[in-house]
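Student: Input file: data.cif. Contents: mmCIF, C-alpha atoms.
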```cif
data_model
#
loop_
_atom_site.label_atom_id
_atom_site.label_comp_id
_atom_site.auth_asym_id
_atom_site.auth_seq_id
_atom_site.Cartn_x
_atom_site.Cartn_y
_atom_site.Cartn_z
CA MET A 1 -47.82 63.54 95.27
CA SER A 2 -51.55 63.99 95.81
CA SER A 3 -51.32 62.44 99.30
CA GLN A 4 -49.54 65.57 100.60
CA SER A 5 -52.52 67.82 99.91
CA LYS A 6 -55.27 65.39 100.83
CA PRO A 7 -55.48 62.84 103.68
CA LEU A 8 -54.65 59.29 102.61
CA ILE A 9 -57.61 57.84 104.44
CA GLY A 10 -60.97 59.57 104.04
CA GLU A 11 -63.23 60.71 106.90
CA ALA A 12 -65.83 58.05 106.03
CA SER A 13 -63.19 55.33 106.38
CA LEU A 14 -62.09 56.64 109.79
CA THR A 15 -65.70 56.68 111.00
CA LEU A 16 -66.15 53.13 109.72
CA ALA A 17 -62.92 51.96 111.42
CA GLY A 18 -64.18 53.37 114.76
CA LYS A 19 -67.56 51.70 114.37
CA LEU A 20 -66.01 48.35 113.44
CA SER A 21 -63.67 48.52 116.46
CA GLY A 22 -66.75 48.95 118.68
CA ILE A 23 -68.40 45.89 117.15
CA SER A 24 -65.20 43.87 117.59
CA VAL A 25 -64.97 44.84 121.27
CA ALA A 26 -68.62 43.91 121.86
CA ASN A 27 -68.25 40.55 120.09
CA ARG A 28 -64.81 39.42 121.16
CA GLY A 29 -64.49 35.80 120.09
CA ASN A 30 -62.91 32.93 122.00
CA PRO A 31 -61.85 30.10 119.70
CA TYR A 32 -61.16 27.80 122.66
CA ALA A 33 -64.76 28.11 123.86
CA ALA A 34 -65.95 27.39 120.32
CA MET A 35 -63.82 24.22 120.24
CA GLU A 36 -65.15 22.81 123.53
CA SER A 37 -67.94 20.96 121.74
CA TRP A 38 -65.72 19.54 119.01
CA PRO A 39 -65.40 15.74 118.97
CA GLN A 40 -61.96 14.22 119.45
CA GLN A 41 -62.15 12.43 116.10
CA LEU A 42 -64.06 12.69 112.84
CA GLU A 43 -64.70 9.95 110.32
CA PRO A 44 -64.29 11.75 106.95
CA THR A 45 -66.56 9.35 105.04
CA GLU A 46 -69.54 9.92 107.34
CA ALA A 47 -70.37 13.61 106.86
CA TRP A 48 -70.05 16.54 104.46
CA HIS A 49 -67.47 19.15 105.38
CA THR A 50 -67.63 21.29 102.23
CA SER A 51 -70.83 22.25 100.49
CA LEU A 52 -71.30 20.15 97.35
CA PRO A 53 -71.29 23.06 94.83
CA LEU A 54 -67.93 24.24 96.22
CA ILE A 55 -66.11 20.93 95.83
CA SER A 56 -63.44 21.49 93.19
CA LEU A 57 -64.34 18.41 91.16
CA ALA A 58 -68.15 18.79 91.43
CA GLY A 59 -69.68 18.72 87.97
CA THR A 60 -66.81 16.74 86.41
CA PRO A 61 -66.67 13.07 85.31
CA ASP A 62 -63.93 12.57 87.96
CA PHE A 63 -66.43 13.43 90.68
CA ASP A 64 -69.24 11.43 89.12
CA SER A 65 -67.08 8.31 89.31
CA LEU A 66 -66.60 8.60 93.10
CA SER A 67 -68.74 6.68 95.61
CA GLU A 68 -70.87 8.58 98.13
CA ALA A 69 -68.32 7.79 100.87
CA ASP A 70 -65.42 9.07 98.72
CA ARG A 71 -67.35 12.23 97.86
CA LYS A 72 -67.76 12.89 101.58
CA ARG A 73 -64.07 12.08 102.13
CA MET A 74 -63.24 14.54 99.35
CA SER A 75 -65.40 17.21 101.02
CA PHE A 76 -63.28 16.68 104.14
CA TYR A 77 -59.98 17.17 102.27
CA GLU A 78 -61.46 20.20 100.49
CA ALA A 79 -62.16 21.66 103.95
CA VAL A 80 -58.58 20.87 105.04
CA ASN A 81 -57.36 22.68 101.92
CA PHE A 82 -59.66 25.67 102.52
CA TYR A 83 -58.54 25.97 106.13
CA SER A 84 -54.87 25.49 105.11
CA LEU A 85 -55.19 28.31 102.57
CA ASN A 86 -56.66 30.49 105.30
CA ILE A 87 -53.85 29.61 107.70
CA HIS A 88 -51.17 30.56 105.14
CA GLY A 89 -53.06 33.65 103.98
CA GLU A 90 -53.75 34.87 107.50
CA ARG A 91 -50.19 34.23 108.69
CA SER A 92 -48.88 36.42 105.89
CA LEU A 93 -51.62 38.98 106.59
CA MET A 94 -50.77 39.08 110.30
CA GLU A 95 -47.09 39.70 109.54
CA SER A 96 -48.02 42.59 107.26
CA ILE A 97 -50.55 44.08 109.69
CA ALA A 98 -48.05 43.91 112.56
CA HIS A 99 -45.54 45.70 110.33
CA ARG A 100 -48.07 48.48 109.70
CA LEU A 101 -49.23 49.07 113.29
CA TYR A 102 -48.63 52.67 114.41
CA ARG A 103 -46.96 53.67 111.17
CA LYS A 104 -48.55 56.54 109.27
CA TRP A 105 -52.18 55.61 109.84
CA PRO A 106 -54.62 57.78 111.82
CA ALA A 107 -55.54 56.43 115.31
CA PRO A 108 -58.89 54.79 114.33
CA VAL A 109 -57.12 52.75 111.66
CA SER A 110 -54.38 51.58 114.04
CA ASP A 111 -57.06 50.73 116.64
CA TYR A 112 -58.93 48.62 114.15
CA LEU A 113 -55.73 46.93 112.92
CA HIS A 114 -55.35 45.58 116.49
CA HIS A 115 -58.78 43.93 116.25
CA PHE A 116 -58.03 42.71 112.75
CA LEU A 117 -54.83 41.07 114.02
CA ALA A 118 -56.50 39.49 117.07
CA GLU A 119 -59.38 38.14 115.01
CA GLU A 120 -57.08 36.66 112.38
CA ASN A 121 -55.16 34.94 115.16
CA ASN A 122 -58.42 33.47 116.50
CA HIS A 123 -59.34 32.20 113.04
CA MET A 124 -55.95 30.55 112.61
CA THR A 125 -56.48 28.76 115.93
CA LEU A 126 -59.77 27.30 114.67
CA PHE A 127 -58.43 26.35 111.25
CA GLY A 128 -55.17 24.93 112.59
CA SER A 129 -56.93 22.93 115.32
CA PHE A 130 -59.35 21.37 112.83
CA CYS A 131 -56.58 20.42 110.39
CA LEU A 132 -54.23 18.98 112.99
CA ARG A 133 -56.88 17.25 115.12
CA TYR A 134 -58.79 15.61 112.27
CA ALA A 135 -56.36 15.39 109.33
CA GLY A 136 -53.06 15.40 111.23
CA LYS A 137 -51.62 17.97 108.83
CA ILE A 138 -51.88 21.31 107.09
CA TYR A 139 -51.39 21.37 103.33
CA PRO A 140 -48.14 23.19 102.41
CA ASP A 141 -47.96 26.74 101.13
CA ARG A 142 -46.66 27.20 97.58
CA HIS A 143 -46.42 31.00 97.78
CA MET A 144 -43.11 32.63 96.93
CA ASN A 145 -42.29 36.28 97.45
CA PHE A 146 -39.46 37.95 95.59
CA PRO A 147 -38.06 41.36 96.48
CA ARG A 148 -39.06 44.14 94.08
CA THR A 149 -39.29 47.91 93.96
CA TYR A 150 -42.56 49.82 94.29
CA ALA A 151 -43.87 53.22 93.21
CA PRO A 152 -44.82 55.53 96.13
CA GLY A 153 -47.80 54.04 97.96
CA GLU A 154 -47.95 50.98 95.68
CA GLU A 155 -46.82 48.50 98.34
CA ASP A 156 -49.45 49.65 100.85
CA PHE A 157 -52.18 49.63 98.22
CA LEU A 158 -51.16 46.14 97.05
CA PHE A 159 -51.20 44.84 100.62
CA PHE A 160 -54.84 45.91 101.10
CA ALA A 161 -55.81 44.84 97.55
CA HIS A 162 -54.28 41.37 98.02
CA THR A 163 -56.04 41.04 101.36
CA LEU A 164 -59.34 42.06 99.82
CA ILE A 165 -59.02 39.59 96.92
CA PHE A 166 -58.14 36.77 99.28
CA GLU A 167 -60.95 37.59 101.75
CA GLU A 168 -63.69 38.21 99.15
CA ILE A 169 -63.15 34.72 97.72
CA VAL A 170 -62.98 33.19 101.21
CA ASP A 171 -66.20 35.01 102.11
CA TYR A 172 -68.06 33.37 99.24
CA TYR A 173 -66.93 29.93 100.41
CA ASN A 174 -67.80 30.79 104.02
CA TYR A 175 -71.25 32.01 102.99
CA VAL A 176 -72.14 28.88 101.01
CA ASN A 177 -70.74 26.51 103.65
CA ALA A 178 -72.30 28.33 106.60
CA ASN A 179 -75.74 28.16 104.97
CA ASP A 180 -75.56 24.48 104.05
CA ALA A 181 -77.57 22.48 106.62
CA THR A 182 -76.10 19.20 105.34
CA LEU A 183 -72.61 20.09 106.63
CA HIS A 184 -71.14 18.61 109.80
CA PRO A 185 -71.88 21.07 112.65
CA VAL A 186 -68.17 21.71 113.31
CA SER A 187 -67.46 22.65 109.70
CA ARG A 188 -70.59 24.75 109.43
CA GLU A 189 -69.76 26.61 112.65
CA ILE A 190 -66.15 27.34 111.62
CA ASN A 191 -67.45 28.95 108.43
CA ARG A 192 -70.13 30.90 110.31
CA LEU A 193 -67.71 32.25 112.92
CA HIS A 194 -65.13 33.17 110.30
CA ARG A 195 -67.66 35.01 108.18
CA PHE A 196 -68.95 36.99 111.17
CA ASP A 197 -65.53 38.63 111.71
CA GLU A 198 -64.52 38.74 108.08
CA ALA A 199 -67.59 40.80 107.14
CA ARG A 200 -66.02 43.65 109.15
CA HIS A 201 -62.56 43.05 107.68
CA LEU A 202 -64.05 43.22 104.19
CA ALA A 203 -65.98 46.44 104.88
CA PHE A 204 -62.75 47.98 106.22
CA GLY A 205 -60.59 46.60 103.41
CA ARG A 206 -62.88 47.88 100.64
CA LYS A 207 -62.81 51.44 102.03
CA ILE A 208 -59.06 51.51 102.64
CA ALA A 209 -58.18 49.96 99.27
CA ALA A 210 -60.42 52.47 97.46
CA ASP A 211 -58.97 55.39 99.47
CA LEU A 212 -55.36 54.36 98.82
CA PHE A 213 -55.98 53.83 95.12
CA GLN A 214 -57.57 57.28 94.81
CA ALA A 215 -54.77 58.91 96.79
CA TYR A 216 -51.79 57.28 95.08
CA SER A 217 -52.75 56.18 91.58
CA PRO A 218 -52.74 59.69 90.03
CA SER A 219 -48.98 59.82 90.72
CA TRP A 220 -48.27 56.43 89.13
CA SER A 221 -46.99 56.21 85.54
CA PRO A 222 -49.14 54.51 82.89
CA GLU A 223 -46.60 51.64 82.91
CA THR A 224 -46.91 51.21 86.69
CA LEU A 225 -50.71 51.25 86.51
CA SER A 226 -50.78 48.79 83.66
CA ALA A 227 -48.36 46.40 85.43
CA LEU A 228 -50.36 46.72 88.66
CA ARG A 229 -53.61 45.85 86.89
CA GLU A 230 -52.02 42.85 85.23
CA HIS A 231 -50.59 41.76 88.57
CA LEU A 232 -53.98 42.00 90.32
CA ALA A 233 -55.70 40.03 87.55
CA ASN A 234 -53.00 37.34 87.91
CA PHE A 235 -53.29 37.40 91.70
CA ILE A 236 -57.02 36.63 91.41
CA LEU A 237 -56.23 33.66 89.16
CA VAL A 238 -53.46 32.34 91.41
CA THR A 239 -55.69 32.67 94.47
CA LEU A 240 -58.48 30.72 92.75
CA ARG A 241 -56.03 28.11 91.49
CA GLU A 242 -55.12 27.20 95.07
CA TYR A 243 -58.66 25.86 95.55
CA VAL A 244 -57.82 23.19 92.95
CA ASN A 245 -55.01 21.57 94.90
CA PRO A 246 -53.38 18.30 93.71
CA ASP A 247 -52.73 17.45 97.38
CA ILE A 248 -56.48 16.85 97.81
CA TYR A 249 -56.60 14.42 94.89
CA ARG A 250 -53.44 12.66 96.08
CA ASP A 251 -55.02 12.11 99.51
CA LEU A 252 -58.11 10.69 97.79
CA GLY A 253 -55.88 8.21 95.99
CA LEU A 254 -56.72 9.50 92.49
CA ALA A 255 -54.23 8.68 89.74
CA ASP A 256 -52.12 11.63 88.45
CA PRO A 257 -53.39 14.32 90.85
CA TYR A 258 -51.86 17.11 88.68
CA ALA A 259 -53.86 15.99 85.64
CA VAL A 260 -57.00 15.82 87.83
CA ALA A 261 -56.31 19.41 88.98
CA GLU A 262 -55.92 20.55 85.40
CA ARG A 263 -59.19 18.88 84.36
CA ALA A 264 -60.98 20.49 87.33
CA TRP A 265 -59.56 23.90 86.42
CA GLN A 266 -60.53 23.58 82.73
CA SER A 267 -64.04 22.25 83.41
CA PRO A 268 -67.14 24.42 82.78
CA SER A 269 -68.26 23.81 86.38
CA GLY A 270 -64.86 25.08 87.61
CA LEU A 271 -65.24 28.27 85.60
CA GLU A 272 -68.77 28.76 86.94
CA ARG A 273 -67.48 28.41 90.52
CA ARG A 274 -64.74 30.98 89.86
CA GLN A 275 -67.27 33.39 88.38
CA LYS A 276 -69.57 33.07 91.39
CA ALA A 277 -66.73 33.30 93.92
CA THR A 278 -65.40 36.54 92.39
CA SER A 279 -68.66 38.26 91.45
CA LYS A 280 -68.61 40.88 94.26
CA LEU A 281 -64.85 41.28 94.01
CA ARG A 282 -64.87 41.99 90.27
CA HIS A 283 -67.69 44.47 90.71
CA PHE A 284 -65.71 46.31 93.42
CA LEU A 285 -62.44 46.42 91.45
CA ILE A 286 -64.07 47.64 88.25
CA SER A 287 -66.48 50.12 89.81
CA ASN A 288 -63.55 51.75 91.66
CA GLY A 289 -61.40 51.96 88.53
CA ILE A 290 -58.81 49.61 90.00
CA LEU A 291 -59.36 47.22 87.10
CA LEU A 292 -60.54 48.59 83.77
CA GLU A 293 -62.00 45.35 82.44
CA GLU A 294 -63.16 41.92 83.57
CA PRO A 295 -60.14 39.81 84.56
CA PRO A 296 -59.75 36.45 82.80
CA LEU A 297 -61.01 33.57 84.94
CA MET B 1 -37.41 11.29 93.05
CA SER B 2 -39.66 9.34 90.70
CA THR B 3 -39.25 11.29 87.46
CA SER B 4 -39.22 9.29 84.25
CA PHE B 5 -37.51 12.05 82.23
CA ASN B 6 -33.78 12.54 81.57
CA GLU B 7 -31.91 15.82 82.06
CA GLN B 8 -32.38 17.11 78.50
CA GLU B 9 -36.07 16.23 78.47
CA ILE B 10 -36.65 18.05 81.75
CA LYS B 11 -34.77 21.17 80.62
CA THR B 12 -36.62 21.19 77.29
CA LYS B 13 -39.95 20.91 79.09
CA LEU B 14 -39.01 23.71 81.48
CA ARG B 15 -37.99 26.06 78.64
CA ALA B 16 -41.20 25.24 76.78
CA TRP B 17 -43.28 25.88 79.91
CA VAL B 18 -41.66 29.30 80.46
CA ALA B 19 -42.11 30.22 76.78
CA ALA B 20 -45.80 29.30 76.96
CA LYS B 21 -46.52 31.14 80.23
CA SER B 22 -44.44 34.31 79.91
CA LYS B 23 -45.27 37.30 77.74
CA HIS B 24 -41.68 38.56 78.07
CA PRO B 25 -39.94 38.97 74.67
CA GLU B 26 -36.94 36.91 75.86
CA ALA B 27 -39.08 33.93 76.89
CA ALA B 28 -39.08 32.34 73.43
CA GLN B 29 -35.25 32.49 73.20
CA LEU B 30 -34.64 31.23 76.72
CA THR B 31 -31.38 29.37 77.32
CA ASP B 32 -30.61 27.17 80.31
CA GLU B 33 -28.55 30.03 81.81
CA THR B 34 -30.99 32.93 81.23
CA PRO B 35 -31.72 34.64 84.58
CA ILE B 36 -35.48 34.05 84.68
CA LEU B 37 -36.32 36.11 87.75
CA GLU B 38 -33.66 38.80 87.47
CA ARG B 39 -34.94 39.72 84.01
CA ARG B 40 -38.54 39.34 85.18
CA ILE B 41 -39.31 36.72 82.55
CA LEU B 42 -41.47 35.06 85.21
CA SER B 43 -43.33 36.89 87.97
CA SER B 44 -43.58 35.64 91.56
CA LEU B 45 -47.18 34.62 90.80
CA GLN B 46 -46.11 32.55 87.80
CA VAL B 47 -43.53 30.81 89.98
CA MET B 48 -46.42 29.30 91.97
CA ASP B 49 -47.66 27.70 88.77
CA LEU B 50 -44.10 26.60 87.98
CA ILE B 51 -43.92 24.86 91.35
CA LEU B 52 -46.91 22.69 90.39
CA HIS B 53 -45.27 21.94 87.04
CA LEU B 54 -42.01 20.96 88.76
CA GLU B 55 -43.89 18.66 91.13
CA GLN B 56 -45.54 16.99 88.16
CA LEU B 57 -42.21 16.53 86.32
CA ARG B 58 -40.50 15.29 89.46
CA GLY B 59 -43.36 13.05 90.51
CA THR B 60 -43.21 14.23 94.13
CA PRO B 61 -44.47 17.37 95.92
CA LEU B 62 -41.97 20.08 96.81
CA GLN B 63 -41.47 20.71 100.51
CA PRO B 64 -41.91 24.28 101.80
CA ASP B 65 -38.26 24.51 102.91
CA GLU B 66 -37.15 23.71 99.34
CA LEU B 67 -38.77 26.91 98.11
CA GLN B 68 -36.00 29.50 98.09
CA PRO B 69 -35.90 32.37 95.55
CA GLY B 70 -32.32 31.52 94.46
CA THR B 71 -33.35 28.06 93.33
CA PHE B 72 -35.54 29.49 90.55
CA SER B 73 -32.83 31.68 89.01
CA SER B 74 -32.39 29.71 85.73
CA VAL B 75 -33.37 26.43 84.06
CA ASN B 76 -29.96 24.97 84.98
CA ARG B 77 -30.34 25.99 88.63
CA ILE B 78 -33.89 24.61 88.80
CA TYR B 79 -32.66 21.31 87.40
CA GLU B 80 -29.67 21.10 89.78
CA TYR B 81 -31.71 21.93 92.86
CA PHE B 82 -34.99 20.13 92.30
CA PHE B 83 -33.82 17.14 90.28
CA GLN B 84 -30.21 16.56 91.45
CA GLY B 85 -30.57 17.82 95.02
CA LYS B 86 -27.55 20.16 94.72
#
```
Starting from the coordinates I provided, produce the structure as structure tokens.

Tutor:
Amino acid sequence: MSSQSKPLIGEASLTLAGKLSGISVANRGNPYAAMESWPQQLEPTEAWHTSLPLISLAGTPDFDSLSEADRKRMSFYEAVNFYSLNIHGERSLMESIAHRLYRKWPAPVSDYLHHFLAEENNHMTLFGSFCLRYAGKIYPDRHMNFPRTYAPGEEDFLFFAHTLIFEEIVDYYNYVNANDATLHPVSREINRLHRFDEARHLAFGRKIAADLFQAYSPSWSPETLSALREHLANFILVTLREYVNPDIYRDLGLADPYAVAERAWQSPSGLERRQKATSKLRHFLISNGILLEEPPL
Amino acid sequence: MSTSFNEQEIKTKLRAWVAAKSKHPEAAQLTDETPILERRILSSLQVMDLILHLEQLRGTPLQPDELQPGTFSSVNRIYEYFFQGK
């Protein structure tokens, strides 16, 4: 295997991990301090909590038929869905990071994984507190994992690739929300704080995913590579699909929430949102040879 | 449970859904006993889509503790677990 003759993680990635650890130490976040200014209650019909272009029905006749108050209420449930997705995604991420601490990684990588873990825990505190305080719930997770076998190095690569896909899409939503002055200050601040840490996670994840792919993929069979590429393309789709959640439409009181979700997914505005949300991600995956062609959206 | 479909209708819809979503050669000849996951006719990612389809057929959302890998093993098992509560 090529990894025996060449280090798994390149020198540039180790330098980056050390630098990112320094930034994390200097900017250690405290979610409880951030929550001190949060109100005890929010009235969902009175403010925007998700930027209008990100709302999953925006640009569809279903959205056009809603009143201004219901559009704001929908933006609130969209935020609850976004934060719920982050809670589920980060919980799974934290389990996998904890499993990888002090395994085969060089010291700078293990050091940075500690910060990664701590920061994800802080984010979950913010997301979970918002959902429980203002919505009284977290939307359920529909992820299922089935045991399977992996080629050498494939499981580690897939862990970092899944993380990157999830975080690149989240970053787009954070960016748009954090820069939207019409959002309620609490929602805008959650997105700003999340993006501040996640920018480092993304920089780290891109380097590690590229390093692992370069180190391991030459030893994988054409069948393994082909199946892996198909899996990643499907993972992008499944991740995007979770932003079109029937639970949101049910909470809004819309008839047949599953049909509403399907209309949102099939709409031209939905496709445009998916293209924008995955623009950087697709460029990264293709320019590093991880995907050979544009994934279907 | 607020489904308006009978057992045969549900099983027919499930087989049709799998045949439409899976590229596996066995998907078109699926029986109610075919081991869907064991033969990799559906991937774990496609099961997430199946969960939404089941919710729509059943008329109620699935609860997280209902989601166990064994309950997706075949069309018969899916029907027993999610529609008969066995």

Student: Just how far from atom CA of Trp17 of chain B is atom CA of Ala264 of chain A, in Å to one decimal?

Tutor: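 Value for the atom CA of Ala264 of chain A-atom CA of Trp17 of chain B distance: 19.9 Å.
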
Student: Once the PyMOL selection byres ((chain A and resi 81) around 10) is applied to the coordinates I shared, what remains selected? I want it as a list of chain:residue names.

Tutor: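 Selected by the PyMOL selection byres ((chain A and resi 81) around 10) in this file: A:Ser75, A:Phe76, A:Tyr77, A:Glu78, A:Ala79, A:Val80, A:Phe82, A:Tyr83, A:Ser84, A:Leu85, A:Asn86, A:Ile87, A:Cys131, A:Ile138, A:Tyr139, A:Pro140, A:Glu242, A:Tyr243, A:Val244, A:Asn245, A:Asp247, A:Ile248.
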
Student: Can you list every residue of chain B that has an atom at most 9 Å from chain A, with its nearest atom pair and the distance in Å to one decimal, using only C-alpha atoms, ordered by chain then number, as a tab-separated table?

Tutor:
```
residue	atom	partner	partner_atom	distance
B:Leu37	CA	A:Phe146	CA	8.6
B:Ser43	CA	A:Phe146	CA	8.6
B:Ser44	CA	A:Asn145	CA	6.1
B:Leu45	CA	A:Val238	CA	6.7
B:Gln46	CA	A:Val238	CA	8.2
B:Val47	CA	A:Met144	CA	7.2
B:Met48	CA	A:Arg142	CA	6.0
B:Asp49	CA	A:Val238	CA	7.9
B:Ile51	CA	A:Arg142	CA	7.2
B:Leu52	CA	A:Tyr258	CA	7.7
B:His53	CA	A:Tyr258	CA	8.3
B:Glu55	CA	A:Tyr258	CA	8.5
B:Gln56	CA	A:Tyr258	CA	6.3
B:Pro61	CA	A:Asp247	CA	8.4
B:Leu62	CA	A:Arg142	CA	8.6
B:Gln63	CA	A:Pro140	CA	7.4
B:Pro64	CA	A:Pro140	CA	6.4
B:Leu67	CA	A:Met144	CA	7.3
B:Gln68	CA	A:Met144	CA	7.9
B:Pro69	CA	A:Phe146	CA	6.6
```

Student: (-36.7, 41.1, 83.9) in this file's frame - what residues fall within 12 Å of it? Use all atoms listed in the file and give the answer as number ranges by chain.

Tutor: A: 148; B: 22-27, 34-44, 73

Student: Hey, what's within 10 Å of segment 89-103 of chain A if we count all atoms listed in the file and toss same-chain stuff fewer than 6 positions away? As a PyMOL selection string, please?

Tutor: chain A and resi 83+109-114+116-121+123-124+141+143+156+159-160+162-163+166-167+239

Student: Name every residue that the PyMOL selection byres ((chain A and resi 225) around 12) selects in this structure, writing the answer as a ChimeraX atom specification with chains first and numbers rising.

Tutor: /A:150-151,154,157-158,213,216-224,226-232,289-292

Student: Could you give me, as a list of chain:residue names, the residues within 10 Å of Glu294 of chain A, counting only C-alpha atoms and dropping anything in the same chain fewer than 3 positions from it?

Tutor: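 Once the adjacent positions are removed, what remains is A:Ala233, A:Arg282, A:His283, A:Leu285, A:Ile286, A:Leu291, A:Leu297.
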
Student: Would you work out the distance separating atom CA of His49 of chain A from atom CA of Arg188 of chain A, expressed in Å to one decimal?

Tutor: 7.6 Å

Student: Contacts of His194 of chain A at 10 Å or less, counting only C-alpha atoms, minus same-chain residues fewer than 4 places along, as a compact mmCIF listing (two decimals) with C-alpha atoms, keeping the file's coordinate frame?

Tutor:
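The file below, result-v3.txt, is the result:
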```txt
# COMPACT_ATOMS: atom_id res chain seq x y z
CA GLU A 119 -59.38 38.14 115.01
CA GLU A 120 -57.08 36.66 112.38
CA ASN A 122 -58.42 33.47 116.50
CA HIS A 123 -59.34 32.20 113.04
CA MET A 124 -55.95 30.55 112.61
CA LEU A 126 -59.77 27.30 114.67
CA PHE A 127 -58.43 26.35 111.25
CA VAL A 170 -62.98 33.19 101.21
CA ASP A 171 -66.20 35.01 102.11
CA ASN A 174 -67.80 30.79 104.02
CA TYR A 175 -71.25 32.01 102.99
CA ALA A 178 -72.30 28.33 106.60
CA GLU A 189 -69.76 26.61 112.65
CA ILE A 190 -66.15 27.34 111.62
CA GLU A 198 -64.52 38.74 108.08
CA ALA A 199 -67.59 40.80 107.14
```

Student: In Å, with one decimal, what is the gap from atom CA of Leu30 of chain B to atom CA of Arg58 of chain B?

Tutor: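 It comes out at 21.2 Å.
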
Student: Using all atoms listed in the file, collect all residues at a distance of at most 9 Å from (-57.1, 53.0, 102.2) as written in the file, then present them as a PyMOL selection string.

Tutor: chain A and resi 8-10+13+156-157+160+204-215
